[in-house]
>>> print(open('start.pdb').read())   # PDB, C-alpha atoms
ATOM      1  CA  THR A 207      99.413 112.029  71.186  1.00  0.00           C
ATOM      2  CA  SER A 208      98.461 108.396  71.368  1.00  0.00           C
ATOM      3  CA  GLU A 209      95.263 106.542  72.133  1.00  0.00           C
ATOM      4  CA  ARG A 210      94.612 102.940  73.119  1.00  0.00           C
ATOM      5  CA  VAL A 211      91.514 101.084  72.013  1.00  0.00           C
ATOM      6  CA  ARG A 212      90.503  97.773  73.552  1.00  0.00           C
ATOM      7  CA  LEU A 213      89.559  95.096  71.050  1.00  0.00           C
ATOM      8  CA  LEU A 214      88.428  91.534  71.469  1.00  0.00           C
ATOM      9  CA  GLY A 215      90.673  88.795  70.198  1.00  0.00           C
ATOM     10  CA  ALA A 216      94.269  87.629  70.383  1.00  0.00           C
ATOM     11  CA  GLN A 217      95.713  91.158  70.475  1.00  0.00           C
ATOM     12  CA  PRO A 218      93.573  93.111  72.966  1.00  0.00           C
ATOM     13  CA  TYR A 219      95.158  96.547  72.369  1.00  0.00           C
ATOM     14  CA  VAL A 220      95.963  98.667  69.341  1.00  0.00           C
ATOM     15  CA  THR A 221      97.974 101.872  69.678  1.00  0.00           C
ATOM     16  CA  ILE A 222      97.048 104.669  67.286  1.00  0.00           C
ATOM     17  CA  ARG A 223      99.535 107.523  66.992  1.00  0.00           C
ATOM     18  CA  LEU A 224      97.965 110.728  65.801  1.00  0.00           C
ATOM     19  CA  ARG A 225     101.270 112.557  65.537  1.00  0.00           C
ATOM     20  CA  PRO A 226     104.850 111.361  65.537  1.00  0.00           C
ATOM     21  CA  LEU A 227     106.294 111.065  69.013  1.00  0.00           C
ATOM     22  CA  VAL A 228     108.439 114.092  69.739  1.00  0.00           C
ATOM     23  CA  SER A 229     110.584 114.442  72.801  1.00  0.00           C
ATOM     24  CA  ALA A 230     109.402 117.616  74.487  1.00  0.00           C
ATOM     25  CA  PRO A 231     111.299 119.241  77.329  1.00  0.00           C
ATOM     26  CA  VAL A 232     109.684 118.690  80.704  1.00  0.00           C
ATOM     27  CA  PRO A 233     108.774 122.050  82.222  1.00  0.00           C
ATOM     28  CA  GLU A 234     110.302 122.768  85.586  1.00  0.00           C
ATOM     29  CA  LYS A 235     108.042 123.027  88.605  1.00  0.00           C
ATOM     30  CA  PRO A 236     107.474 126.723  89.326  1.00  0.00           C
ATOM     31  CA  ALA A 237     108.981 127.952  92.573  1.00  0.00           C
ATOM     32  CA  SER A 238     106.472 128.679  95.303  1.00  0.00           C
ATOM     33  CA  SER A 239     108.720 131.019  97.295  1.00  0.00           C
ATOM     34  CA  ALA A 240     111.725 133.272  96.865  1.00  0.00           C
ATOM     35  CA  THR A 241     113.897 130.876  98.860  1.00  0.00           C
ATOM     36  CA  GLU A 242     112.912 127.944  96.672  1.00  0.00           C
ATOM     37  CA  ALA A 243     113.572 129.982  93.526  1.00  0.00           C
ATOM     38  CA  THR A 244     117.070 130.954  94.639  1.00  0.00           C
ATOM     39  CA  GLN A 245     118.168 127.646  96.162  1.00  0.00           C
ATOM     40  CA  LYS A 246     120.914 125.917  94.229  1.00  0.00           C
ATOM     41  CA  VAL A 247     120.412 122.265  95.047  1.00  0.00           C
ATOM     42  CA  PRO A 248     123.515 120.229  94.169  1.00  0.00           C
ATOM     43  CA  PRO A 249     122.855 117.699  91.385  1.00  0.00           C
ATOM     44  CA  ALA A 250     123.660 114.711  93.605  1.00  0.00           C
ATOM     45  CA  ALA A 251     121.157 115.885  96.215  1.00  0.00           C
ATOM     46  CA  MET A 252     118.526 116.426  93.523  1.00  0.00           C
ATOM     47  CA  ARG A 253     119.114 112.926  92.121  1.00  0.00           C
ATOM     48  CA  ALA A 254     118.707 111.400  95.596  1.00  0.00           C
ATOM     49  CA  TYR A 255     115.531 113.442  96.128  1.00  0.00           C
ATOM     50  CA  GLU A 256     114.020 112.475  92.770  1.00  0.00           C
ATOM     51  CA  PHE A 257     114.782 108.801  93.344  1.00  0.00           C
ATOM     52  CA  ALA A 258     113.248 109.058  96.827  1.00  0.00           C
ATOM     53  CA  VAL A 259     110.070 110.577  95.381  1.00  0.00           C
ATOM     54  CA  THR A 260     109.702 107.603  93.016  1.00  0.00           C
ATOM     55  CA  GLN A 261     110.267 105.175  95.894  1.00  0.00           C
ATOM     56  CA  LEU A 262     107.710 106.999  98.048  1.00  0.00           C
ATOM     57  CA  ALA A 263     105.163 106.821  95.221  1.00  0.00           C
ATOM     58  CA  ALA A 264     105.890 103.091  94.914  1.00  0.00           C
ATOM     59  CA  GLY A 265     105.315 102.630  98.646  1.00  0.00           C
ATOM     60  CA  ASP A 266     108.905 101.708  99.515  1.00  0.00           C
ATOM     61  CA  LEU A 267     109.188 103.842 102.645  1.00  0.00           C
ATOM     62  CA  ALA A 268     112.553 102.433 103.731  1.00  0.00           C
ATOM     63  CA  ARG A 269     114.283 103.309 100.447  1.00  0.00           C
ATOM     64  CA  ALA A 270     112.521 106.662 100.217  1.00  0.00           C
ATOM     65  CA  ARG A 271     113.591 107.536 103.751  1.00  0.00           C
ATOM     66  CA  LYS A 272     117.208 106.614 103.067  1.00  0.00           C
ATOM     67  CA  GLN A 273     117.345 108.708  99.884  1.00  0.00           C
ATOM     68  CA  PHE A 274     115.613 111.736 101.430  1.00  0.00           C
ATOM     69  CA  GLU A 275     118.117 111.549 104.293  1.00  0.00           C
ATOM     70  CA  ARG A 276     120.939 111.347 101.732  1.00  0.00           C
ATOM     71  CA  ALA A 277     119.600 114.422  99.908  1.00  0.00           C
ATOM     72  CA  ILE A 278     119.495 116.356 103.194  1.00  0.00           C
ATOM     73  CA  GLU A 279     122.985 115.164 104.093  1.00  0.00           C
ATOM     74  CA  LEU A 280     124.240 116.523 100.767  1.00  0.00           C
ATOM     75  CA  PHE A 281     122.225 119.755 101.068  1.00  0.00           C
ATOM     76  CA  PRO A 282     121.026 120.506 104.628  1.00  0.00           C
ATOM     77  CA  ASP A 283     118.759 123.382 103.503  1.00  0.00           C
ATOM     78  CA  PHE A 284     116.772 121.194 101.079  1.00  0.00           C
ATOM     79  CA  VAL A 285     113.253 122.196 102.129  1.00  0.00           C
ATOM     80  CA  ASP A 286     111.350 119.821  99.831  1.00  0.00           C
ATOM     81  CA  ALA A 287     113.456 116.853 100.940  1.00  0.00           C
ATOM     82  CA  ARG A 288     112.752 117.685 104.584  1.00  0.00           C
ATOM     83  CA  SER A 289     109.038 118.001 103.859  1.00  0.00           C
ATOM     84  CA  GLU A 290     108.867 114.691 102.003  1.00  0.00           C
ATOM     85  CA  LEU A 291     110.965 112.926 104.642  1.00  0.00           C
ATOM     86  CA  ALA A 292     108.405 114.187 107.158  1.00  0.00           C
ATOM     87  CA  VAL A 293     105.684 112.526 105.057  1.00  0.00           C
ATOM     88  CA  VAL A 294     107.573 109.229 105.351  1.00  0.00           C
ATOM     89  CA  HIS A 295     107.736 109.669 109.126  1.00  0.00           C
ATOM     90  CA  MET A 296     104.028 110.540 109.292  1.00  0.00           C
ATOM     91  CA  ARG A 297     103.222 107.345 107.386  1.00  0.00           C
ATOM     92  CA  GLN A 298     105.236 105.470 110.009  1.00  0.00           C
ATOM     93  CA  ASP A 299     103.435 107.311 112.846  1.00  0.00           C
ATOM     94  CA  ALA A 300     106.629 109.065 113.965  1.00  0.00           C
ATOM     95  CA  LEU A 301     104.777 112.369 114.298  1.00  0.00           C
ATOM     96  CA  ALA A 302     107.242 114.108 116.624  1.00  0.00           C
ATOM     97  CA  THR A 303     110.092 113.454 114.174  1.00  0.00           C
ATOM     98  CA  ALA A 304     107.945 114.630 111.263  1.00  0.00           C
ATOM     99  CA  GLU A 305     107.027 117.807 113.123  1.00  0.00           C
ATOM    100  CA  ALA A 306     110.679 118.593 113.869  1.00  0.00           C
ATOM    101  CA  LEU A 307     111.613 118.133 110.189  1.00  0.00           C
ATOM    102  CA  LEU A 308     108.785 120.398 109.049  1.00  0.00           C
ATOM    103  CA  ARG A 309     109.551 123.113 111.591  1.00  0.00           C
ATOM    104  CA  ARG A 310     113.193 123.090 110.446  1.00  0.00           C
ATOM    105  CA  ALA A 311     112.066 123.312 106.813  1.00  0.00           C
ATOM    106  CA  LEU A 312     109.953 126.346 107.719  1.00  0.00           C
ATOM    107  CA  GLU A 313     112.909 127.969 109.497  1.00  0.00           C
ATOM    108  CA  ILE A 314     114.760 127.709 106.196  1.00  0.00           C
ATOM    109  CA  ASP A 315     111.779 128.866 104.105  1.00  0.00           C
ATOM    110  CA  PRO A 316     108.757 130.274 105.973  1.00  0.00           C
ATOM    111  CA  ALA A 317     106.809 130.428 102.690  1.00  0.00           C
ATOM    112  CA  ALA A 318     107.198 126.746 101.755  1.00  0.00           C
ATOM    113  CA  VAL A 319     103.583 125.804 101.063  1.00  0.00           C
ATOM    114  CA  ARG A 320     104.110 122.044 101.059  1.00  0.00           C
ATOM    115  CA  ALA A 321     105.902 122.204 104.415  1.00  0.00           C
ATOM    116  CA  LEU A 322     103.142 124.409 105.853  1.00  0.00           C
ATOM    117  CA  LEU A 323     100.360 122.080 104.747  1.00  0.00           C
ATOM    118  CA  ASN A 324     102.292 119.004 105.873  1.00  0.00           C
ATOM    119  CA  LEU A 325     102.877 120.606 109.277  1.00  0.00           C
ATOM    120  CA  GLY A 326      99.154 121.352 109.480  1.00  0.00           C
ATOM    121  CA  LEU A 327      98.442 117.690 108.745  1.00  0.00           C
ATOM    122  CA  CYS A 328     101.017 116.559 111.294  1.00  0.00           C
ATOM    123  CA  LEU A 329      99.496 118.783 113.989  1.00  0.00           C
ATOM    124  CA  TYR A 330      96.012 117.604 113.025  1.00  0.00           C
ATOM    125  CA  ARG A 331      97.096 113.976 113.386  1.00  0.00           C
ATOM    126  CA  GLN A 332      98.380 114.835 116.867  1.00  0.00           C
ATOM    127  CA  GLN A 333      94.930 116.356 117.600  1.00  0.00           C
ATOM    128  CA  ARG A 334      96.510 119.785 118.097  1.00  0.00           C
ATOM    129  CA  PHE A 335      93.780 121.455 116.065  1.00  0.00           C
ATOM    130  CA  ALA A 336      94.153 124.989 117.388  1.00  0.00           C
ATOM    131  CA  GLU A 337      97.854 124.942 116.437  1.00  0.00           C
ATOM    132  CA  ALA A 338      97.139 123.449 113.017  1.00  0.00           C
ATOM    133  CA  LEU A 339      94.628 126.094 111.929  1.00  0.00           C
ATOM    134  CA  PRO A 340      96.963 129.115 111.564  1.00  0.00           C
ATOM    135  CA  VAL A 341      99.571 126.948 109.817  1.00  0.00           C
ATOM    136  CA  LEU A 342      96.985 125.728 107.324  1.00  0.00           C
ATOM    137  CA  GLU A 343      95.628 129.267 106.875  1.00  0.00           C
ATOM    138  CA  ARG A 344      99.105 130.511 105.990  1.00  0.00           C
ATOM    139  CA  GLY A 345      99.609 127.721 103.467  1.00  0.00           C
ATOM    140  CA  LEU A 346      96.269 128.517 101.844  1.00  0.00           C
ATOM    141  CA  GLN A 347      97.056 132.237 101.747  1.00  0.00           C
ATOM    142  CA  LEU A 348     100.220 131.437  99.819  1.00  0.00           C
ATOM    143  CA  LYS A 349      98.513 128.923  97.511  1.00  0.00           C
ATOM    144  CA  PRO A 350      94.753 129.517  97.481  1.00  0.00           C
ATOM    145  CA  VAL A 351      94.091 126.954  94.755  1.00  0.00           C
ATOM    146  CA  ASN A 352      94.764 123.824  96.773  1.00  0.00           C
ATOM    147  CA  PRO A 353      91.735 121.556  97.198  1.00  0.00           C
ATOM    148  CA  SER A 354      93.491 119.166  99.590  1.00  0.00           C
ATOM    149  CA  GLY A 355      94.603 122.075 101.750  1.00  0.00           C
ATOM    150  CA  HIS A 356      91.064 123.468 101.888  1.00  0.00           C
ATOM    151  CA  LEU A 357      89.668 120.050 102.755  1.00  0.00           C
ATOM    152  CA  LEU A 358      92.176 119.584 105.575  1.00  0.00           C
ATOM    153  CA  TYR A 359      91.467 123.112 106.817  1.00  0.00           C
ATOM    154  CA  GLY A 360      87.710 122.418 106.891  1.00  0.00           C
ATOM    155  CA  ILE A 361      88.150 119.097 108.662  1.00  0.00           C
ATOM    156  CA  THR A 362      90.458 120.766 111.192  1.00  0.00           C
ATOM    157  CA  LEU A 363      87.905 123.540 111.792  1.00  0.00           C
ATOM    158  CA  VAL A 364      85.247 120.950 112.553  1.00  0.00           C
ATOM    159  CA  ALA A 365      87.633 118.944 114.759  1.00  0.00           C
ATOM    160  CA  ALA A 366      88.483 122.147 116.632  1.00  0.00           C
ATOM    161  CA  GLY A 367      84.771 122.626 117.298  1.00  0.00           C
ATOM    162  CA  ASP A 368      84.218 125.506 114.873  1.00  0.00           C
ATOM    163  CA  ASP A 369      81.819 123.856 112.449  1.00  0.00           C
ATOM    164  CA  THR A 370      79.942 127.153 112.047  1.00  0.00           C
ATOM    165  CA  ALA A 371      82.927 128.492 110.096  1.00  0.00           C
ATOM    166  CA  ILE A 372      82.270 125.834 107.463  1.00  0.00           C
ATOM    167  CA  ASN A 373      78.605 126.653 106.941  1.00  0.00           C
ATOM    168  CA  PRO A 374      77.115 129.864 108.363  1.00  0.00           C
ATOM    169  CA  LEU A 375      73.636 128.278 108.178  1.00  0.00           C
ATOM    170  CA  LEU A 376      74.630 125.901 110.958  1.00  0.00           C
ATOM    171  CA  SER A 377      74.785 128.818 113.371  1.00  0.00           C
ATOM    172  CA  ALA A 378      71.681 130.607 112.090  1.00  0.00           C
ATOM    173  CA  ASP A 379      68.589 130.631 114.224  1.00  0.00           C
ATOM    174  CA  LEU A 380      66.172 128.826 111.940  1.00  0.00           C
ATOM    175  CA  ALA A 381      63.273 128.835 114.436  1.00  0.00           C
TER     176      ALA A 381
END
>>> encode(input="start.pdb", output="structure tokens")
Amino acid sequence: TSERVRLLGAQPYVTIRLRPLVSAPVPEKPASSATEATQKVPPAAMRAYEFAVTQLAAGDLARARKQFERAIELFPDFVDARSELAVVHMRQDALATAEALLRRALEIDPAAVRALLNLGLCLYRQQRFAEALPVLERGLQLKPVNPSGHLLYGITLVAAGDDTAINPLLSADLA
């Protein structure tokens, strides 16, 4: 553990180490579906995917797109790479392309939560609210603890005209 304290003067930071730094193994992300748990992603595809994720986080959409495409080229059934490539396309307003990528990812793994929620977002952005709702519901059934998913679901309910589902008091006769 380390802590930084801001001080005034020539050296504005002091690092205090409470314990010696120990290299701990990074835990693997738990699989969210049986397909994801059994997929054997080739190392080269995983490297391309991981690099693409860092580029996406840095905002370099062109590099991220190229590396996600490379990961899919190396492993066509790479659900997470398809889902993240769809995010790149959504950021570039290529919603039809994003939707196709997400639907293909869900053909490979119908229980891929990230792909489900991303497809719900893609449909929402196309103002296809009625189509987005069951997709979002499925994603939330598979992963109930997902604040962003619940927020998107609520916003989609309101956009679809069902704001009474958000708050039953809105439909109550208060007179």
>>> closest_residue(input="start.pdb", among="A:Phe335, A:Tyr359, A:Tyr330, A:Phe284", to="Met252 (chain A)", atoms="all atoms listed in the file")
A:Phe284
>>> atom_distance(input="start.pdb", atom1="CA of Ala287 (chain A)", atom2="CA of Phe274 (chain A)")
5.6 Å
>>> closest_residue(input="start.pdb", among="A:Lys349, A:Ile314, A:Thr362, A:Glu343", to="Leu329 (chain A)", atoms="all atoms listed in the file")
A:Thr362
>>> resolve_selection(input="start.pdb", expression="the PyMOL selection byres ((chain A and resi 305) around 10)", output="PyMOL selection string")
chain A and resi 289+292-293+295-296+300-304+306-311+321+324-329+332
>>> write_last_selection(input="start.pdb", atoms="C-alpha atoms", output="PDB file, in the coordinates of the input")
ATOM      1  CA  SER A 289     109.038 118.001 103.859  1.00  0.00           C
ATOM      2  CA  ALA A 292     108.405 114.187 107.158  1.00  0.00           C
ATOM      3  CA  VAL A 293     105.684 112.526 105.057  1.00  0.00           C
ATOM      4  CA  HIS A 295     107.736 109.669 109.126  1.00  0.00           C
ATOM      5  CA  MET A 296     104.028 110.540 109.292  1.00  0.00           C
ATOM      6  CA  ALA A 300     106.629 109.065 113.965  1.00  0.00           C
ATOM      7  CA  LEU A 301     104.777 112.369 114.298  1.00  0.00           C
ATOM      8  CA  ALA A 302     107.242 114.108 116.624  1.00  0.00           C
ATOM      9  CA  THR A 303     110.092 113.454 114.174  1.00  0.00           C
ATOM     10  CA  ALA A 304     107.945 114.630 111.263  1.00  0.00           C
ATOM     11  CA  ALA A 306     110.679 118.593 113.869  1.00  0.00           C
ATOM     12  CA  LEU A 307     111.613 118.133 110.189  1.00  0.00           C
ATOM     13  CA  LEU A 308     108.785 120.398 109.049  1.00  0.00           C
ATOM     14  CA  ARG A 309     109.551 123.113 111.591  1.00  0.00           C
ATOM     15  CA  ARG A 310     113.193 123.090 110.446  1.00  0.00           C
ATOM     16  CA  ALA A 311     112.066 123.312 106.813  1.00  0.00           C
ATOM     17  CA  ALA A 321     105.902 122.204 104.415  1.00  0.00           C
ATOM     18  CA  ASN A 324     102.292 119.004 105.873  1.00  0.00           C
ATOM     19  CA  LEU A 325     102.877 120.606 109.277  1.00  0.00           C
ATOM     20  CA  GLY A 326      99.154 121.352 109.480  1.00  0.00           C
ATOM     21  CA  LEU A 327      98.442 117.690 108.745  1.00  0.00           C
ATOM     22  CA  CYS A 328     101.017 116.559 111.294  1.00  0.00           C
ATOM     23  CA  LEU A 329      99.496 118.783 113.989  1.00  0.00           C
ATOM     24  CA  GLN A 332      98.380 114.835 116.867  1.00  0.00           C
TER      25      GLN A 332
END
>>> atom_distance(input="start.pdb", atom1="CA of Val341 (chain A)", atom2="CA of Leu322 (chain A)")
5.9 Å
>>> closest_residue(input="start.pdb", among="A:Val247, A:Leu312, A:Val294, A:Ile278", to="Leu262 (chain A)", atoms="all atoms listed in the file")
A:Val294
>>> atom_distance(input="start.pdb", atom1="CA of Ala258 (chain A)", atom2="CA of Pro353 (chain A)")
24.9 Å
>>> resolve_selection(input="start.pdb", expression="the PyMOL selection byres ((chain A and resi 261) around 12)", output="number ranges by chain")
A: 254-260, 262-274, 290-291, 294
>>> closest_residue(input="start.pdb", among="A:Leu280, A:Leu346, A:Ala366, A:Ala336", to="Arg253 (chain A)", atoms="only C-alpha atoms")
A:Leu280
>>> closest_residue(input="start.pdb", among="A:Asp299, A:Leu348, A:Gln245, A:Gln333", to="Gly367 (chain A)", atoms="only C-alpha atoms")
A:Gln333
>>> closest_residue(input="start.pdb", among="A:Leu323, A:Ala318, A:Glu313, A:Ala277", to="Ser354 (chain A)", atoms="all atoms listed in the file")
A:Leu323
>>> axis_aligned_box(input="start.pdb", around="region 244-253 of chain A", padding_each_side="3 Å", output="JSON")
{"center_x": 120.4, "center_y": 121.9, "center_z": 93.8, "size_x": 12.6, "size_y": 24.0, "size_z": 10.8}
